[in-house]
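Content type compact mmCIF, C-alpha atoms, from the file upload35.txt:
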```
# COMPACT_ATOMS: atom_id res chain seq x y z
CA ALA A 151 -49.86 -23.96 0.97
CA GLY A 152 -47.62 -21.15 -0.35
CA GLU A 153 -45.57 -23.45 -2.61
CA GLU A 154 -45.12 -22.70 -6.32
CA TYR A 155 -44.52 -25.36 -8.98
CA GLU A 156 -43.64 -24.89 -12.64
CA ILE A 157 -46.03 -26.84 -14.82
CA MET A 158 -45.61 -27.11 -18.61
CA VAL A 159 -48.53 -28.33 -20.66
CA ARG A 160 -47.71 -29.88 -24.06
CA LEU A 161 -49.56 -31.67 -26.81
CA GLU A 162 -48.92 -35.27 -27.65
CA PRO A 163 -45.85 -35.77 -29.94
CA GLU A 164 -48.00 -36.69 -32.96
CA GLU A 165 -50.16 -33.59 -32.51
CA ARG A 166 -47.17 -31.22 -32.28
CA GLU A 167 -46.25 -32.02 -35.88
CA ASP A 168 -49.65 -30.90 -37.23
CA PRO A 169 -50.20 -27.09 -36.98
CA SER A 170 -53.87 -27.58 -37.88
CA ALA A 171 -54.36 -29.15 -34.46
CA LEU A 172 -54.33 -25.64 -33.00
CA GLU A 173 -57.57 -24.89 -34.83
CA HIS A 174 -59.35 -27.39 -32.60
CA ALA A 175 -57.98 -25.89 -29.39
CA PHE A 176 -60.61 -24.38 -27.07
CA ILE A 177 -60.33 -20.95 -25.43
CA ALA A 178 -62.56 -19.23 -22.87
CA SER A 179 -64.93 -16.56 -24.14
CA PRO A 180 -65.84 -13.37 -22.23
CA THR A 181 -69.24 -14.88 -21.48
CA GLY A 182 -67.67 -17.82 -19.73
CA GLY A 183 -68.18 -20.43 -22.45
CA MET A 184 -65.60 -22.30 -24.50
CA ILE A 185 -65.13 -21.76 -28.25
CA ARG A 186 -62.78 -23.18 -30.83
CA LEU A 187 -59.74 -21.06 -31.74
CA SER A 188 -60.53 -21.48 -35.45
CA GLU A 189 -63.80 -19.55 -34.96
CA VAL A 190 -62.03 -16.33 -33.89
CA ALA A 191 -58.53 -16.61 -35.41
CA ARG A 192 -56.79 -17.58 -38.61
CA ILE A 193 -53.70 -19.68 -38.06
CA VAL A 194 -50.83 -19.09 -40.49
CA PRO A 195 -47.06 -19.82 -40.23
CA ALA A 196 -45.18 -16.65 -39.24
CA SER A 197 -42.44 -15.39 -36.92
CA GLY A 198 -43.03 -13.32 -33.79
CA PRO A 199 -41.83 -12.74 -30.24
CA VAL A 200 -42.15 -15.53 -27.74
CA ALA A 201 -43.03 -12.93 -25.08
CA ILE A 202 -43.78 -9.20 -25.06
CA ASN A 203 -41.92 -7.28 -22.35
CA ARG A 204 -42.73 -3.72 -21.33
CA ARG A 205 -40.83 -1.18 -19.28
CA ASP A 206 -42.28 2.22 -18.38
CA GLN A 207 -45.22 1.39 -20.68
CA GLU A 208 -42.91 0.84 -23.66
CA ARG A 209 -42.18 -2.43 -25.45
CA THR A 210 -38.62 -3.58 -24.90
CA VAL A 211 -36.29 -6.28 -26.14
CA GLU A 212 -33.47 -7.16 -23.73
CA VAL A 213 -30.12 -8.49 -24.90
CA TYR A 214 -27.96 -10.03 -22.18
CA GLY A 215 -24.20 -10.48 -22.11
CA GLU A 216 -21.62 -11.67 -19.62
CA ILE A 217 -18.39 -9.82 -18.82
CA TYR A 218 -15.14 -11.72 -19.11
CA ASP A 219 -11.58 -10.44 -18.62
CA ARG A 220 -12.65 -6.81 -19.08
CA ASP A 221 -14.15 -4.05 -16.99
CA LEU A 222 -17.70 -2.84 -17.37
CA GLY A 223 -16.76 0.76 -18.23
CA SER A 224 -14.65 -0.07 -21.29
CA ILE A 225 -17.27 -2.50 -22.57
CA VAL A 226 -20.02 0.10 -22.29
CA GLN A 227 -17.84 2.70 -24.01
CA GLU A 228 -17.04 0.39 -26.92
CA ALA A 229 -20.68 -0.68 -27.25
CA SER A 230 -21.84 2.96 -27.20
CA GLU A 231 -19.46 3.82 -30.05
CA LYS A 232 -20.80 0.93 -32.14
CA PHE A 233 -24.42 1.73 -31.29
CA ALA A 234 -23.88 5.31 -32.47
CA ARG A 235 -23.22 3.98 -35.99
CA ILE A 236 -26.53 2.09 -36.11
CA VAL A 237 -29.33 3.87 -37.97
CA MET A 238 -32.33 3.35 -35.72
CA PRO A 239 -35.92 3.37 -37.07
CA PRO A 240 -38.26 6.12 -35.78
CA ASP A 241 -39.42 5.69 -32.17
CA PHE A 242 -36.64 3.17 -31.44
CA SER A 243 -33.81 3.70 -28.96
CA ILE A 244 -31.02 1.76 -27.24
CA ALA A 245 -30.29 2.00 -23.52
CA PHE A 246 -28.08 0.14 -21.04
CA THR A 247 -29.71 -1.60 -18.11
CA GLY A 248 -28.71 -4.30 -15.66
CA GLU A 249 -25.33 -3.88 -14.04
CA ARG A 250 -24.61 -0.65 -15.91
CA GLU A 251 -27.82 0.92 -14.64
CA GLU A 252 -27.09 -0.16 -11.07
CA GLN A 253 -23.54 1.18 -11.37
CA ALA A 254 -24.84 4.60 -12.45
CA LYS A 255 -27.22 4.68 -9.47
CA ALA A 256 -24.43 3.72 -7.10
CA PHE A 257 -22.12 6.42 -8.51
CA ARG A 258 -24.80 9.07 -8.00
CA ALA A 259 -25.40 7.93 -4.43
CA LEU A 260 -21.68 7.89 -3.61
CA PHE A 261 -21.12 11.30 -5.21
CA PHE A 262 -23.92 12.73 -3.08
CA ALA A 263 -22.41 11.07 0.00
CA LEU A 264 -19.01 12.59 -0.85
CA LEU A 265 -20.46 16.10 -1.15
CA MET A 266 -22.42 15.72 2.07
CA GLY A 267 -19.37 14.41 3.91
CA ILE A 268 -17.20 17.30 2.75
CA ALA A 269 -19.89 19.84 3.71
CA ILE A 270 -20.38 18.34 7.18
CA VAL A 271 -16.63 18.16 7.83
CA TYR A 272 -16.25 21.78 6.71
CA MET A 273 -18.98 22.93 9.11
CA VAL A 274 -17.44 21.00 11.99
CA MET A 275 -13.98 22.46 11.31
CA ALA A 276 -15.42 25.97 10.96
CA SER A 277 -17.04 25.67 14.39
CA GLN A 278 -13.87 24.29 15.98
CA PHE A 279 -11.45 26.77 14.39
CA GLU A 280 -13.99 29.63 14.70
CA SER A 281 -13.02 30.63 11.17
CA LEU A 282 -14.40 30.10 7.67
CA ILE A 283 -11.00 30.46 6.01
CA ASP A 284 -8.87 27.91 7.88
CA PRO A 285 -11.16 24.95 7.03
CA PHE A 286 -11.20 26.13 3.42
CA ILE A 287 -7.40 25.84 3.32
CA ILE A 288 -7.66 22.21 4.44
CA MET A 289 -10.42 21.42 1.95
CA PHE A 290 -8.37 23.01 -0.83
CA SER A 291 -5.90 20.12 -0.64
CA VAL A 292 -8.54 17.55 -1.63
CA PRO A 293 -8.60 18.40 -5.40
CA PHE A 294 -4.81 18.16 -5.55
CA ALA A 295 -4.96 14.75 -3.88
CA LEU A 296 -7.56 13.66 -6.46
CA ALA A 297 -5.04 14.51 -9.18
CA GLY A 298 -2.74 11.95 -7.59
CA VAL A 299 -5.56 9.41 -7.80
CA VAL A 300 -5.81 9.93 -11.57
CA TRP A 301 -2.07 9.36 -12.03
CA GLY A 302 -2.18 6.30 -9.79
CA LEU A 303 -4.98 4.68 -11.79
CA LEU A 304 -3.13 5.37 -15.03
CA LEU A 305 0.14 4.00 -13.63
CA PHE A 306 -1.40 0.74 -12.43
CA GLY A 307 -3.70 0.40 -15.45
CA GLU A 308 -6.87 0.40 -13.39
CA ASN A 309 -10.25 1.94 -14.20
CA PHE A 310 -12.33 4.20 -12.00
CA SER A 311 -14.84 1.66 -10.74
CA LEU A 312 -17.29 1.58 -7.86
CA GLN A 313 -14.57 0.21 -5.58
CA ALA A 314 -12.28 3.06 -6.61
CA PHE A 315 -14.99 5.53 -5.60
CA LEU A 316 -15.15 3.90 -2.18
CA GLY A 317 -11.39 4.42 -1.93
CA VAL A 318 -11.91 8.11 -2.68
CA LEU A 319 -14.37 8.39 0.23
CA MET A 320 -11.82 6.76 2.53
CA PHE A 321 -8.74 8.77 1.60
CA VAL A 322 -10.58 12.12 1.55
CA GLY A 323 -11.26 11.68 5.25
CA ILE A 324 -7.60 10.88 5.94
CA VAL A 325 -6.45 13.88 3.87
CA GLU A 326 -8.66 16.19 5.90
CA GLU A 327 -7.40 14.63 9.14
CA VAL A 328 -3.78 15.31 8.15
CA GLY A 329 -4.64 18.93 7.35
CA ILE A 330 -6.41 19.35 10.68
CA VAL A 331 -3.38 18.02 12.57
CA TYR A 332 -1.13 20.59 10.91
CA ILE A 333 -3.39 23.68 10.94
CA SER A 334 -4.53 23.18 14.53
CA PHE A 335 -0.90 23.01 15.68
CA VAL A 336 -0.03 26.19 13.75
CA ILE A 337 -2.95 28.00 15.38
CA MET A 338 -1.82 26.78 18.81
CA LEU A 339 1.74 28.03 18.25
CA ARG A 340 0.52 31.42 17.06
CA GLY A 341 -1.71 31.62 20.12
CA ARG A 342 1.45 31.34 22.22
CA GLY A 343 2.83 34.46 20.54
CA MET A 344 4.92 32.86 17.79
CA GLY A 345 5.18 34.67 14.43
CA LEU A 346 3.48 33.44 11.28
CA GLU A 347 6.48 32.07 9.37
CA GLU A 348 8.10 30.67 12.51
CA ALA A 349 4.87 28.89 13.51
CA VAL A 350 4.42 27.41 10.03
CA VAL A 351 7.97 26.04 9.95
CA LYS A 352 7.88 24.81 13.53
CA ALA A 353 4.55 23.03 13.01
CA GLY A 354 5.96 21.31 9.91
CA GLN A 355 8.92 20.05 11.89
CA LEU A 356 6.95 18.83 14.91
CA ARG A 357 3.93 17.42 13.05
CA LEU A 358 5.95 15.66 10.34
CA ARG A 359 6.17 12.38 12.26
CA PRO A 360 2.43 12.11 13.12
CA ILE A 361 1.51 12.98 9.52
CA LEU A 362 3.90 10.37 8.12
CA MET A 363 2.69 7.75 10.59
CA THR A 364 -0.97 8.41 9.74
CA SER A 365 -0.38 8.18 5.99
CA LEU A 366 2.24 5.42 5.80
CA THR A 367 0.41 3.01 8.09
CA THR A 368 -2.68 3.28 5.88
CA ILE A 369 -0.62 2.93 2.69
CA LEU A 370 1.26 -0.13 3.96
CA GLY A 371 -2.00 -1.65 5.16
CA VAL A 372 -3.48 -1.74 1.64
CA VAL A 373 -0.30 -2.73 -0.24
CA PRO A 374 -1.18 -6.48 0.01
CA MET A 375 -4.44 -5.72 -1.84
CA VAL A 376 -2.42 -4.34 -4.77
CA LEU A 377 0.03 -7.23 -4.82
CA ALA A 378 -2.56 -9.99 -4.44
CA ARG A 379 -3.19 -12.09 -7.56
CA ASN A 380 -5.64 -14.68 -6.24
CA GLU A 381 -9.18 -15.09 -7.54
CA GLY A 382 -11.37 -12.06 -6.82
CA SER A 383 -8.45 -9.79 -5.87
CA GLU A 384 -8.92 -7.65 -8.99
CA MET A 385 -12.22 -6.43 -7.55
CA PHE A 386 -10.60 -4.52 -4.66
CA ARG A 387 -7.32 -3.56 -6.35
CA PRO A 388 -8.70 -0.17 -7.60
CA LEU A 389 -9.68 0.71 -4.02
CA ALA A 390 -6.14 0.10 -2.78
CA VAL A 391 -4.58 1.98 -5.72
CA VAL A 392 -6.78 5.02 -5.06
CA ILE A 393 -5.86 5.09 -1.37
CA ILE A 394 -2.11 4.73 -2.01
CA ALA A 395 -1.95 7.32 -4.81
CA GLY A 396 -4.24 9.75 -3.01
CA LEU A 397 -2.30 9.62 0.26
CA PHE A 398 1.05 10.07 -1.49
CA ALA A 399 -0.33 13.19 -3.17
CA ALA A 400 -1.83 14.27 0.14
CA LEU A 401 1.58 14.14 1.80
CA VAL A 402 2.89 16.70 -0.68
CA THR A 403 -0.16 18.93 -0.32
CA SER A 404 -0.09 18.72 3.49
CA LEU A 405 3.60 19.51 3.86
CA VAL A 406 3.97 22.02 1.00
CA LEU A 407 0.65 23.34 -0.30
CA ILE A 408 -1.19 23.85 2.99
CA PRO A 409 1.63 25.89 4.64
CA VAL A 410 1.93 28.09 1.54
CA LEU A 411 -1.83 28.62 1.34
CA TYR A 412 -2.01 29.37 5.05
CA CYS A 413 0.63 32.08 4.76
CA ILE A 414 -1.06 33.58 1.68
CA PHE A 415 -4.48 33.68 3.32
CA GLU A 416 -3.10 35.12 6.54
CA GLU A 417 -1.09 37.86 4.81
CA ARG A 418 -3.46 38.83 2.01
CA ILE A 419 -6.94 38.13 3.35
CA LYS A 420 -7.07 37.92 7.13
CA LYS A 421 -4.55 40.63 7.94
CA PRO A 422 -6.05 43.31 5.59
CA ALA A 423 -9.52 42.47 6.94
CA GLN A 424 -8.35 42.87 10.55
CA ASN A 425 -6.63 46.19 9.73
CA SER A 426 -9.76 47.54 8.07
CA ARG A 427 -11.89 46.58 11.09
CA SER A 428 -9.39 48.21 13.42
CA ALA A 429 -9.42 51.41 11.34
CA GLY A 430 -13.22 51.42 11.34
CA ASN A 431 -13.38 51.05 15.12
CA THR A 432 -10.90 53.87 15.55
```

Output the file's structure as structure tokens, nothing else.
Amino acid sequence: AGEEYEIMVRLEPEEREDPSALEHAFIASPTGGMIRLSEVARIVPASGPVAINRRDQERTVEVYGEIYDRDLGSIVQEASEKFARIVMPPDFSIAFTGEREEQAKAFRALFFALLMGIAIVYMVMASQFESLIDPFIIMFSVPFALAGVVWGLLLFGENFSLQAFLGVLMFVGIVEEVGIVYISFVIMLRGRGMGLEEAVVKAGQLRLRPILMTSLTTILGVVPMVLARNEGSEMFRPLAVVIIAGLFAALVTSLVLIPVLYCIFEERIKKPAQNSRSAGNT
């Protein structure tokens, strides 16, 4: 009725001590009859595998291990270094499976999601700003914020885990939001007839408070995750560290790098292009 039960069949205790008892065991023949094992096999003491496992049509032997008080990445790195010193016979190889394999799949999926998210955000900003250059200036701040993530992980002694990658996805969106707040205000001020340098400085002064509020509220919200020391807290600590370090770096890029890049692009790329178009129309 859909229920499964484990059943183990064993010989009597006195028969287990006599290997010759296997010779009298019966097996089914291809014709449907029963024959003695001794008629088709020779029984000798030897060693062999209890079970034969295959993966992708290849025989495999799996060795399991539990992780304790260390992260998966450092364990895999140390094991790989030791495996490299092993002289393997022909047609033999060593590969990591289990949690390491799942982690690699998750990293690939998250990396693809990160690229897709950046591309979609860029297209949306390009349509809203009606420019391909202004969104590029905002996106240019993301690599600099990632540098802050690296320093943050090193400072707190954390490794770049799956949770840290999730933190990257979160803070990248906030970094882009901060850039949008600043650039959109600069464009609005210039649309009112304000000069380039004056608009850049004025936008920095007026948008400083919203930018600080956006970043600091998020940073303060994840600080308890860094300070927590209860059971299981170490799992989400890399996520909080990535968000804090990335947003601190994003503050510098938003208030310093983005205004500088905006002025450079306006003076050296947009303005010469507009002048050349005007000369061609004339």

Test item: residues at most 8 Å from range 307-313 of chain A, all atoms listed in the file, excluding those fewer than 4 positions along its chain, as a count of residues only:
11

Which residues, written as a ChimeraX atom specification, have at least one atom at most 10 Å from Thr403 in chain A, with all atoms listed in the file counted and residues fewer than 3 positions away on the same chain left out?
/A:288,290-295,325,328-329,397-400,406-411

Between CA of Val336 in chain A and CA of Leu319 in chain A, what is the spacing in Å?
26.6 Å

Can you work out the spacing between CA of Ile393 in chain A and CA of Met289 in chain A in Å, to one decimal?
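We find that CA of Ile393 in chain A and CA of Met289 in chain A lie 17.3 Å from each other.
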
Tell me, as a PyMOL selection string, which residues lie within 9 Å of Arg387 in chain A, counting all atoms listed in the file; anything in the same chain fewer than 2 positions away does not count.
chain A and resi 308+313-314+375-378+383-385+389-392

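Here CA of Leu401 in chain A stands at a distance of 7.8 Å from CA of Ile361 in chain A.
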